[in-house]
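Okay, my_file.cif is below, mmCIF, C-alpha atoms:
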```cif
data_structure
#
loop_
_atom_site.group_PDB
_atom_site.id
_atom_site.type_symbol
_atom_site.label_atom_id
_atom_site.label_comp_id
_atom_site.auth_asym_id
_atom_site.auth_seq_id
_atom_site.Cartn_x
_atom_site.Cartn_y
_atom_site.Cartn_z
ATOM 1 C CA MET A 419 -4.730 -4.612 40.621
ATOM 2 C CA SER A 420 -5.224 -2.138 43.415
ATOM 3 C CA PRO A 421 -6.683 1.204 42.367
ATOM 4 C CA ARG A 422 -4.167 3.892 41.579
ATOM 5 C CA PHE A 423 -6.525 6.748 42.436
ATOM 6 C CA GLY A 424 -8.526 7.365 45.560
ATOM 7 C CA VAL A 425 -11.885 9.044 45.949
ATOM 8 C CA GLY A 426 -11.420 12.787 45.491
ATOM 9 C CA ALA A 427 -8.312 12.424 43.321
ATOM 10 C CA ALA A 428 -7.964 14.909 40.489
ATOM 11 C CA VAL A 429 -7.541 13.025 37.235
ATOM 12 C CA GLN A 430 -7.140 13.802 33.584
ATOM 13 C CA VAL A 431 -8.523 11.609 30.844
ATOM 14 C CA ARG A 432 -5.888 10.690 28.288
ATOM 15 C CA ALA A 433 -6.205 12.626 25.055
ATOM 16 C CA ALA A 434 -5.679 9.478 23.025
ATOM 17 C CA PHE A 435 -7.496 8.343 19.921
ATOM 18 C CA PRO A 436 -6.726 4.660 19.443
ATOM 19 C CA PRO A 437 -8.620 2.632 16.870
ATOM 20 C CA GLY A 438 -10.945 -0.174 17.861
ATOM 21 C CA HIS A 439 -13.481 -0.672 20.609
ATOM 22 C CA VAL A 440 -13.056 1.999 23.262
ATOM 23 C CA ARG A 441 -15.483 2.932 26.029
ATOM 24 C CA THR A 442 -14.125 6.395 26.818
ATOM 25 C CA PRO A 443 -16.353 8.984 25.152
ATOM 26 C CA PHE A 444 -14.613 11.549 22.936
ATOM 27 C CA PHE A 445 -16.033 14.512 24.804
ATOM 28 C CA VAL A 446 -14.063 13.780 27.993
ATOM 29 C CA ARG A 447 -10.712 12.993 26.398
ATOM 30 C CA GLY A 448 -8.086 15.423 27.621
ATOM 31 C CA LYS A 449 -10.508 16.788 30.229
ATOM 32 C CA SER A 450 -9.951 16.930 33.962
ATOM 33 C CA GLY A 451 -12.304 15.717 36.620
ATOM 34 C CA ARG A 452 -12.399 14.150 40.037
ATOM 35 C CA VAL A 453 -12.907 10.574 41.184
ATOM 36 C CA THR A 454 -16.176 10.259 43.091
ATOM 37 C CA GLU A 455 -16.168 6.514 43.504
ATOM 38 C CA ILE A 456 -14.140 3.400 42.801
ATOM 39 C CA LEU A 457 -16.558 0.943 41.269
ATOM 40 C CA GLY A 458 -14.242 -2.032 41.450
ATOM 41 C CA PRO A 459 -12.289 -4.184 39.019
ATOM 42 C CA TYR A 460 -13.892 -4.883 35.676
ATOM 43 C CA ARG A 461 -12.490 -6.802 32.765
ATOM 44 C CA ASN A 462 -10.990 -4.557 30.104
ATOM 45 C CA PRO A 463 -13.703 -3.966 27.455
ATOM 46 C CA GLU A 464 -11.090 -3.037 24.862
ATOM 47 C CA GLU A 465 -9.855 -6.650 25.048
ATOM 48 C CA LEU A 466 -13.200 -8.336 25.667
ATOM 49 C CA ALA A 467 -14.569 -6.826 22.477
ATOM 50 C CA TYR A 468 -12.158 -8.955 20.476
ATOM 51 C CA GLY A 469 -12.888 -12.229 22.223
ATOM 52 C CA ARG A 470 -9.930 -12.017 24.592
ATOM 53 C CA SER A 471 -10.143 -12.500 28.345
ATOM 54 C CA GLY A 472 -10.088 -8.857 29.404
ATOM 55 C CA GLU A 473 -7.679 -9.845 32.169
ATOM 56 C CA PRO A 474 -6.118 -8.313 34.118
ATOM 57 C CA ALA A 475 -9.247 -6.498 35.200
ATOM 58 C CA LEU A 476 -8.990 -2.728 35.490
ATOM 59 C CA PRO A 477 -10.249 -0.512 38.284
ATOM 60 C CA LEU A 478 -13.301 1.364 37.048
ATOM 61 C CA TYR A 479 -13.953 4.840 38.410
ATOM 62 C CA ARG A 480 -16.821 7.268 38.403
ATOM 63 C CA VAL A 481 -15.338 10.583 37.379
ATOM 64 C CA ILE A 482 -17.217 13.853 37.781
ATOM 65 C CA PHE A 483 -16.646 16.781 35.439
ATOM 66 C CA GLU A 484 -17.956 20.311 35.494
ATOM 67 C CA THR A 485 -20.104 20.245 32.388
ATOM 68 C CA ALA A 486 -19.030 23.786 31.484
ATOM 69 C CA SER A 487 -15.423 22.544 31.316
ATOM 70 C CA LEU A 488 -16.367 19.966 28.685
ATOM 71 C CA TRP A 489 -17.892 22.313 26.114
ATOM 72 C CA ASP A 490 -16.669 25.720 24.982
ATOM 73 C CA ASP A 491 -20.098 27.247 24.786
ATOM 74 C CA TYR A 492 -22.075 25.341 27.390
ATOM 75 C CA GLN A 493 -25.385 27.122 27.868
ATOM 76 C CA GLY A 494 -26.516 25.469 31.109
ATOM 77 C CA ALA A 495 -25.730 26.387 34.710
ATOM 78 C CA ALA A 496 -22.166 26.654 36.002
ATOM 79 C CA LYS A 497 -22.953 24.055 38.672
ATOM 80 C CA ASP A 498 -24.057 21.376 36.195
ATOM 81 C CA THR A 499 -22.029 18.187 36.253
ATOM 82 C CA THR A 500 -21.401 15.121 34.129
ATOM 83 C CA LEU A 501 -20.421 11.729 35.492
ATOM 84 C CA VAL A 502 -18.696 9.192 33.308
ATOM 85 C CA ASP A 503 -17.427 5.713 34.189
ATOM 86 C CA ILE A 504 -13.798 5.461 33.120
ATOM 87 C CA TYR A 505 -11.313 2.589 33.290
ATOM 88 C CA GLU A 506 -7.970 3.246 34.931
ATOM 89 C CA ASN A 507 -5.910 2.864 31.739
ATOM 90 C CA TRP A 508 -7.502 6.107 30.531
ATOM 91 C CA LEU A 509 -6.642 8.224 33.578
ATOM 92 C CA ASP A 510 -3.558 10.237 34.487
ATOM 93 C CA PRO A 511 -3.010 12.077 37.748
ATOM 94 C CA VAL A 512 -3.398 15.854 37.802
ATOM 95 C CA GLU A 513 -1.040 17.933 39.905
ATOM 96 C CA THR A 514 -3.167 20.006 42.239
ATOM 97 C CA ARG A 515 -1.973 23.169 43.893
ATOM 98 C CA THR A 516 -3.530 24.378 47.062
ATOM 99 C CA MET B 463 -44.687 -15.726 -3.657
ATOM 100 C CA ALA B 464 -46.588 -12.539 -3.114
ATOM 101 C CA ARG B 465 -43.561 -10.383 -3.706
ATOM 102 C CA ASP B 466 -43.061 -11.860 -7.160
ATOM 103 C CA HIS B 467 -46.555 -11.391 -8.482
ATOM 104 C CA THR B 468 -47.113 -8.832 -11.162
ATOM 105 C CA HIS B 469 -49.999 -6.454 -11.451
ATOM 106 C CA GLU B 470 -51.279 -7.421 -14.829
ATOM 107 C CA HIS B 471 -54.964 -6.784 -14.293
ATOM 108 C CA SER B 472 -56.197 -3.263 -14.724
ATOM 109 C CA HIS B 473 -57.793 -1.213 -11.962
ATOM 110 C CA GLY B 474 -58.276 1.690 -14.276
ATOM 111 C CA HIS B 475 -56.033 3.880 -12.143
ATOM 112 C CA ALA B 476 -52.320 4.321 -11.540
ATOM 113 C CA PRO B 477 -50.716 1.714 -9.257
ATOM 114 C CA HIS B 478 -50.913 2.930 -5.694
ATOM 115 C CA PRO B 479 -47.744 3.149 -3.646
ATOM 116 C CA PHE B 480 -47.415 0.695 -0.814
ATOM 117 C CA GLN B 481 -45.270 0.539 2.260
ATOM 118 C CA PRO B 482 -42.677 -2.184 1.800
ATOM 119 C CA ASP B 483 -42.960 -5.151 4.143
ATOM 120 C CA LEU B 484 -39.882 -6.060 6.167
ATOM 121 C CA GLU B 485 -39.092 -8.810 3.672
ATOM 122 C CA ASP B 486 -39.110 -6.334 0.796
ATOM 123 C CA THR B 487 -36.059 -4.468 2.014
ATOM 124 C CA PRO B 488 -32.621 -6.061 1.827
ATOM 125 C CA LEU B 489 -31.142 -7.352 5.070
ATOM 126 C CA THR B 490 -28.429 -5.191 6.539
ATOM 127 C CA HIS B 491 -25.069 -6.771 7.277
ATOM 128 C CA TYR B 492 -25.839 -7.095 10.982
ATOM 129 C CA GLN B 493 -29.333 -8.470 10.419
ATOM 130 C CA ALA B 494 -27.840 -11.161 8.199
ATOM 131 C CA MET B 495 -25.091 -11.894 10.723
ATOM 132 C CA THR B 496 -27.553 -12.049 13.640
ATOM 133 C CA GLN B 497 -29.747 -14.452 11.773
ATOM 134 C CA ALA B 498 -26.815 -16.607 10.666
ATOM 135 C CA VAL B 499 -25.321 -16.833 14.158
ATOM 136 C CA GLY B 500 -28.735 -17.618 15.646
ATOM 137 C CA ASP B 501 -29.327 -20.373 13.089
ATOM 138 C CA LEU B 502 -25.871 -21.839 13.698
ATOM 139 C CA LEU B 503 -26.311 -21.899 17.482
ATOM 140 C CA ILE B 504 -29.629 -23.682 17.069
ATOM 141 C CA GLU B 505 -28.174 -26.118 14.515
ATOM 142 C CA LYS B 506 -25.282 -26.933 16.851
ATOM 143 C CA GLY B 507 -27.672 -27.535 19.696
ATOM 144 C CA VAL B 508 -26.383 -24.715 21.944
ATOM 145 C CA PHE B 509 -30.008 -23.774 22.449
ATOM 146 C CA SER B 510 -33.272 -24.594 20.746
ATOM 147 C CA ALA B 511 -35.433 -22.303 18.661
ATOM 148 C CA ASP B 512 -38.028 -22.456 21.415
ATOM 149 C CA GLU B 513 -35.492 -21.407 24.058
ATOM 150 C CA LEU B 514 -34.482 -18.458 21.886
ATOM 151 C CA ARG B 515 -38.124 -17.493 21.461
ATOM 152 C CA ALA B 516 -38.752 -17.809 25.197
ATOM 153 C CA THR B 517 -35.761 -15.608 25.994
ATOM 154 C CA LEU B 518 -36.952 -12.915 23.603
ATOM 155 C CA GLU B 519 -40.400 -13.180 25.128
ATOM 156 C CA SER B 520 -38.991 -12.697 28.619
ATOM 157 C CA ILE B 521 -36.933 -9.668 27.506
ATOM 158 C CA ASP B 522 -39.981 -8.156 25.815
ATOM 159 C CA ALA B 523 -42.084 -8.770 28.915
ATOM 160 C CA ARG B 524 -39.911 -6.582 31.125
ATOM 161 C CA SER B 525 -41.647 -3.347 31.962
ATOM 162 C CA PRO B 526 -41.066 -0.233 34.052
ATOM 163 C CA ALA B 527 -43.378 -1.709 36.700
ATOM 164 C CA ALA B 528 -40.517 -3.333 38.611
ATOM 165 C CA GLY B 529 -38.526 -0.123 38.830
ATOM 166 C CA ALA B 530 -41.657 1.828 39.768
ATOM 167 C CA ARG B 531 -42.377 -0.567 42.631
ATOM 168 C CA MET B 532 -38.874 -0.031 43.943
ATOM 169 C CA VAL B 533 -39.115 3.755 43.751
ATOM 170 C CA ALA B 534 -42.518 3.747 45.468
ATOM 171 C CA ARG B 535 -41.102 1.601 48.267
ATOM 172 C CA ALA B 536 -38.109 3.923 48.560
ATOM 173 C CA TRP B 537 -40.499 6.865 48.975
ATOM 174 C CA VAL B 538 -42.266 5.288 51.930
ATOM 175 C CA ASP B 539 -39.391 3.407 53.524
ATOM 176 C CA GLU B 540 -36.149 5.250 54.269
ATOM 177 C CA ALA B 541 -34.289 2.041 55.125
ATOM 178 C CA PHE B 542 -35.250 0.536 51.778
ATOM 179 C CA LYS B 543 -34.150 3.704 50.002
ATOM 180 C CA ALA B 544 -30.775 3.536 51.746
ATOM 181 C CA HIS B 545 -30.452 -0.096 50.661
ATOM 182 C CA MET B 546 -31.402 0.824 47.111
ATOM 183 C CA LEU B 547 -28.845 3.622 46.974
ATOM 184 C CA GLU B 548 -26.220 1.213 48.228
ATOM 185 C CA ASP B 549 -27.091 -1.787 46.064
ATOM 186 C CA VAL B 550 -30.048 -1.768 43.680
ATOM 187 C CA ASN B 551 -29.676 -5.419 42.723
ATOM 188 C CA ALA B 552 -29.822 -6.586 46.341
ATOM 189 C CA ALA B 553 -32.671 -4.201 47.185
ATOM 190 C CA ALA B 554 -34.619 -5.570 44.213
ATOM 191 C CA GLN B 555 -34.304 -9.081 45.608
ATOM 192 C CA GLU B 556 -35.862 -7.862 48.821
ATOM 193 C CA LEU B 557 -39.030 -7.165 46.788
ATOM 194 C CA GLY B 558 -38.750 -10.417 44.855
ATOM 195 C CA ILE B 559 -37.566 -8.599 41.732
ATOM 196 C CA ASP B 560 -34.757 -10.046 39.612
ATOM 197 C CA ALA B 561 -32.533 -7.116 38.601
ATOM 198 C CA GLY B 562 -30.040 -9.384 36.855
ATOM 199 C CA GLY B 563 -26.296 -9.662 37.186
ATOM 200 C CA ILE B 564 -25.264 -6.277 35.813
ATOM 201 C CA PRO B 565 -24.783 -3.865 38.705
ATOM 202 C CA ILE B 566 -27.364 -1.095 38.731
ATOM 203 C CA ARG B 567 -26.838 2.142 40.584
ATOM 204 C CA ALA B 568 -29.656 4.385 41.790
ATOM 205 C CA VAL B 569 -29.202 8.143 41.806
ATOM 206 C CA GLU B 570 -31.579 10.297 43.776
ATOM 207 C CA ASN B 571 -33.128 13.578 42.720
ATOM 208 C CA THR B 572 -33.317 16.201 45.443
ATOM 209 C CA GLU B 573 -34.330 19.838 45.721
ATOM 210 C CA VAL B 574 -30.880 20.837 44.504
ATOM 211 C CA LEU B 575 -30.005 18.005 42.125
ATOM 212 C CA HIS B 576 -31.628 16.592 39.008
ATOM 213 C CA ASN B 577 -30.171 13.403 37.479
ATOM 214 C CA VAL B 578 -30.587 12.254 33.906
ATOM 215 C CA ILE B 579 -29.243 9.090 32.286
ATOM 216 C CA VAL B 580 -27.790 8.634 28.840
ATOM 217 C CA CYS B 581 -25.480 6.177 27.157
ATOM 218 C CA THR B 582 -23.561 8.191 24.600
ATOM 219 C CA LEU B 583 -21.818 5.164 23.114
ATOM 220 C CA CYS B 584 -24.744 2.810 22.647
ATOM 221 C CA SER B 585 -27.941 2.250 24.585
ATOM 222 C CA CYS B 586 -27.017 0.832 28.004
ATOM 223 C CA TYR B 587 -30.166 0.840 30.083
ATOM 224 C CA PRO B 588 -31.413 -0.986 33.209
ATOM 225 C CA ARG B 589 -33.660 -3.230 31.117
ATOM 226 C CA LEU B 590 -34.517 -5.702 33.821
ATOM 227 C CA LEU B 591 -36.068 -2.965 35.939
ATOM 228 C CA ILE B 592 -37.622 -0.673 33.351
ATOM 229 C CA GLY B 593 -37.967 -2.758 30.198
ATOM 230 C CA LEU B 594 -36.560 -2.163 26.744
ATOM 231 C CA PRO B 595 -35.303 1.352 26.020
ATOM 232 C CA PRO B 596 -37.522 3.574 23.893
ATOM 233 C CA ASP B 597 -36.291 4.458 20.403
ATOM 234 C CA TRP B 598 -35.492 8.028 21.408
ATOM 235 C CA TYR B 599 -33.106 6.785 24.096
ATOM 236 C CA LYS B 600 -31.139 4.986 21.380
ATOM 237 C CA SER B 601 -31.265 7.885 18.927
ATOM 238 C CA ARG B 602 -28.107 9.732 18.021
ATOM 239 C CA SER B 603 -29.878 12.971 18.821
ATOM 240 C CA TYR B 604 -30.644 12.046 22.449
ATOM 241 C CA ARG B 605 -27.236 10.447 22.962
ATOM 242 C CA SER B 606 -25.281 13.412 21.667
ATOM 243 C CA ARG B 607 -27.438 16.281 22.877
ATOM 244 C CA THR B 608 -28.054 15.075 26.432
ATOM 245 C CA VAL B 609 -24.404 15.595 27.317
ATOM 246 C CA ARG B 610 -24.082 18.733 25.184
ATOM 247 C CA GLU B 611 -27.231 20.617 26.160
ATOM 248 C CA PRO B 612 -29.050 18.636 28.853
ATOM 249 C CA ARG B 613 -31.329 21.464 29.947
ATOM 250 C CA THR B 614 -32.569 22.007 26.407
ATOM 251 C CA VAL B 615 -33.228 18.298 25.943
ATOM 252 C CA LEU B 616 -35.073 18.141 29.271
ATOM 253 C CA ALA B 617 -37.160 21.173 28.315
ATOM 254 C CA GLU B 618 -38.177 19.370 25.121
ATOM 255 C CA PHE B 619 -39.554 16.612 27.358
ATOM 256 C CA GLY B 620 -41.461 19.323 29.228
ATOM 257 C CA THR B 621 -39.036 19.286 32.138
ATOM 258 C CA VAL B 622 -37.734 22.727 32.962
ATOM 259 C CA ILE B 623 -35.079 22.567 35.664
ATOM 260 C CA PRO B 624 -34.572 25.819 37.581
ATOM 261 C CA GLU B 625 -31.175 27.474 37.277
ATOM 262 C CA GLN B 626 -30.375 26.892 40.960
ATOM 263 C CA VAL B 627 -30.786 23.116 40.591
ATOM 264 C CA GLU B 628 -27.714 21.203 39.417
ATOM 265 C CA VAL B 629 -28.296 19.059 36.350
ATOM 266 C CA ARG B 630 -26.160 15.951 36.555
ATOM 267 C CA VAL B 631 -25.795 13.795 33.473
ATOM 268 C CA HIS B 632 -24.758 10.180 33.972
ATOM 269 C CA ASP B 633 -23.143 8.629 30.921
ATOM 270 C CA SER B 634 -23.428 4.876 31.390
ATOM 271 C CA THR B 635 -20.773 3.724 28.992
ATOM 272 C CA ALA B 636 -19.126 0.982 31.012
ATOM 273 C CA ASP B 637 -20.195 -1.838 33.317
ATOM 274 C CA LEU B 638 -22.933 -0.231 35.407
ATOM 275 C CA ARG B 639 -26.480 0.811 34.632
ATOM 276 C CA TYR B 640 -28.238 3.776 36.196
ATOM 277 C CA LEU B 641 -31.732 4.413 37.467
ATOM 278 C CA VAL B 642 -33.089 7.715 38.755
ATOM 279 C CA ILE B 643 -35.069 7.830 41.985
ATOM 280 C CA PRO B 644 -37.218 10.892 41.375
ATOM 281 C CA ALA B 645 -38.271 13.073 44.283
ATOM 282 C CA ARG B 646 -41.687 12.240 45.699
ATOM 283 C CA PRO B 647 -44.012 14.968 44.453
ATOM 284 C CA ALA B 648 -46.145 17.129 46.702
ATOM 285 C CA GLY B 649 -49.789 16.162 46.922
ATOM 286 C CA THR B 650 -49.134 12.465 47.488
ATOM 287 C CA ASP B 651 -49.385 12.386 51.285
ATOM 288 C CA GLY B 652 -51.090 9.273 52.528
ATOM 289 C CA TRP B 653 -50.939 7.485 49.166
ATOM 290 C CA ASP B 654 -50.232 3.794 49.346
ATOM 291 C CA GLU B 655 -47.322 2.221 47.498
ATOM 292 C CA ALA B 656 -49.441 0.963 44.628
ATOM 293 C CA ALA B 657 -50.829 4.450 43.978
ATOM 294 C CA LEU B 658 -47.358 5.949 44.211
ATOM 295 C CA ALA B 659 -45.942 3.378 41.796
ATOM 296 C CA GLU B 660 -48.585 4.442 39.239
ATOM 297 C CA ILE B 661 -46.997 7.872 38.834
ATOM 298 C CA VAL B 662 -43.429 6.562 38.557
ATOM 299 C CA THR B 663 -43.033 6.263 34.815
ATOM 300 C CA ARG B 664 -40.208 4.942 32.722
ATOM 301 C CA ASP B 665 -39.247 8.484 31.724
ATOM 302 C CA CYS B 666 -39.062 9.555 35.389
ATOM 303 C CA MET B 667 -36.579 6.776 36.039
ATOM 304 C CA VAL B 668 -34.454 7.836 33.045
ATOM 305 C CA GLY B 669 -34.651 11.355 34.430
ATOM 306 C CA VAL B 670 -36.231 13.141 31.485
ATOM 307 C CA THR B 671 -39.466 13.864 33.324
ATOM 308 C CA LEU B 672 -40.726 14.257 36.875
ATOM 309 C CA PRO B 673 -43.586 12.297 38.435
ATOM 310 C CA LYS B 674 -46.857 14.086 37.941
ATOM 311 C CA VAL B 675 -49.822 14.047 40.291
ATOM 312 C CA PRO B 676 -52.984 13.852 38.215
ATOM 313 C CA ALA B 677 -55.489 16.634 38.830
ATOM 314 C CA PHE B 678 -58.791 15.241 40.073
#
```
Could you write out this structure as structure tokens?
Amino acid sequence: MSPRFGVGAAVQVRAAFPPGHVRTPFFVRGKSGRVTEILGPYRNPEELAYGRSGEPALPLYRVIFETASLWDDYQGAAKDTTLVDIYENWLDPVETRT
Amino acid sequence: MARDHTHEHSHGHAPHPFQPDLEDTPLTHYQAMTQAVGDLLIEKGVFSADELRATLESIDARSPAAGARMVARAWVDEAFKAHMLEDVNAAAQELGIDAGGIPIRAVENTEVLHNVIVCTLCSCYPRLLIGLPPDWYKSRSYRSRTVREPRTVLAEFGTVIPEQVEVRVHDSTADLRYLVIPARPAGTDGWDEAALAEIVTRDCMVGVTLPKVPAF
């Protein structure tokens, strides 16, 4: 499975709340960030957790967020960032205007 | 059995409270399951009790020393640092250190960037390089607050990051583990690698503290 997003791509984490074993933290769901790195294919943990094969493997990305965009009342610096590793099935493209 | 004995003799004072031994509290569901699965695997000959013990011993024996050696080498050897930033597991091998099969990524602190590691979902941690995680790393408080208010959490560890330095939180919730390469502190010119490794603590490599040069 070739990666759908390249480095630098603007992405939005799906605002989904499925039951079961999920590795996407709540605090980034629905939030927008940018791909900083494609880590490679990794077996799907949502399948592996139930004893299945986890195939096909999913591209795993490092996604960077502005921390202030994640929390309404973030008290730190505007430049602070948060990086989260997110599997491709959780990411949608974001239309960017220049 | 000791736990069944009754206190019939008289001390002439009220019975003193005692801290319950592990066996005095009921097993939790997962403790019971862990024990049952372990017993079954031994009974079926998948591994022996001694192999299980030896594995636990080897996990317990891991310490931050391996990670500290790598950081100290990175401080004195730019090529090694570049290798480490590219591939920690391969760089570890160069020093004869087994970093295991889970990919580990190093992130470097600079004058304008401070990195801190958390696993908000569980307690992912580069155990082979820095040993077992401390209890606070696994606590709900650290896991939830480090993403929510990292600067406050860092300050509680005595680490005050200036406003102009970016605080970058790495949430290791997937297939990689993260290790911070702290910046080499001033006052360490001419130190050899062994002396440098001494000041690279576990907490420095998680990113909650900075290496400190002892005052002589």
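The part of chain B that reaches within 8 Å of chain A is made up of B:Thr582, B:Leu583, B:Val609, B:Arg610, B:Glu611, B:Pro612, B:Arg613, B:Glu625, B:Gln626, B:Glu628, B:Val629, B:Arg630, B:Val631, B:His632, B:Asp633, B:Ser634, B:Thr635, B:Ala636, B:Asp637, counting only C-alpha atoms.
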Report task. Identify, on the basis of all atoms listed in the file, every residue whose closest approach to Glu660 of chain B does not exceed 9 Å; exclude the query and any residue fewer than 3 positions from it along the same chain; express the result as JSON, numbers by chain. Result -> {"B": [527, 530, 531, 534, 655, 656, 657, 663]}
Report task. List the neighbours of Gly562 of chain B out to 10 Å using only C-alpha atoms; skip same-chain residues closer than 2 positions along the sequence, and give me the result as a PyMOL selection string. Result -> chain B and resi 551-552+554-555+559-560+564-566+588-591
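Between atom CA of Gly669 of chain B and atom CA of Pro459 of chain A there is a distance of 27.6 Å.
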Requested in this report: Name the residues that the PyMOL selection byres ((chain B and resi 524) around 8) picks from the file above, as an MDAnalysis selection string, using the file's chain letters and numbers.
Outcome: chainID B and resid 520:523 525:526 589:594
Query - Between atom CA of Val429 of chain A and atom CA of Ser450 of chain A - distance in Å to one decimal - result: 5.6 Å
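As for atom CA of Leu509 of chain A and atom CA of Ala428 of chain A, they are spaced 9.7 Å apart.
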Report task. List the residues selected by the PyMOL selection byres ((chain B and resi 537) around 12) in the file shown, writing them as a count of residues only. Result -> 34
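The residues returned by the PyMOL selection byres ((chain A and resi 432) around 7) on the shown structure are Gln430, Val431, Ala433, Ala434, Arg447, Gly448, Trp508, Leu509 and Asp510 of chain A.
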Take the residues from that selection and put them in a file with C-alpha atoms, as a PDB file, in the coordinates of the input.
```
ATOM      1  CA  GLN A 430      -7.140  13.802  33.584  1.00  0.00           C
ATOM      2  CA  VAL A 431      -8.523  11.609  30.844  1.00  0.00           C
ATOM      3  CA  ALA A 433      -6.205  12.626  25.055  1.00  0.00           C
ATOM      4  CA  ALA A 434      -5.679   9.478  23.025  1.00  0.00           C
ATOM      5  CA  ARG A 447     -10.712  12.993  26.398  1.00  0.00           C
ATOM      6  CA  GLY A 448      -8.086  15.423  27.621  1.00  0.00           C
ATOM      7  CA  TRP A 508      -7.502   6.107  30.531  1.00  0.00           C
ATOM      8  CA  LEU A 509      -6.642   8.224  33.578  1.00  0.00           C
ATOM      9  CA  ASP A 510      -3.558  10.237  34.487  1.00  0.00           C
TER      10      ASP A 510
END
```
Find the smallest box with edges along x, y and z containing every listed atom of segment 480-497 of chain A, then add 4 Å on each side and report centre and edge lengths in Å to one decimal, as lines of an AutoDock Vina configuration file.
```
center_x = -20.9
center_y = 17.3
center_z = 31.7
size_x = 19.2
size_y = 28.0
size_z = 21.9
```
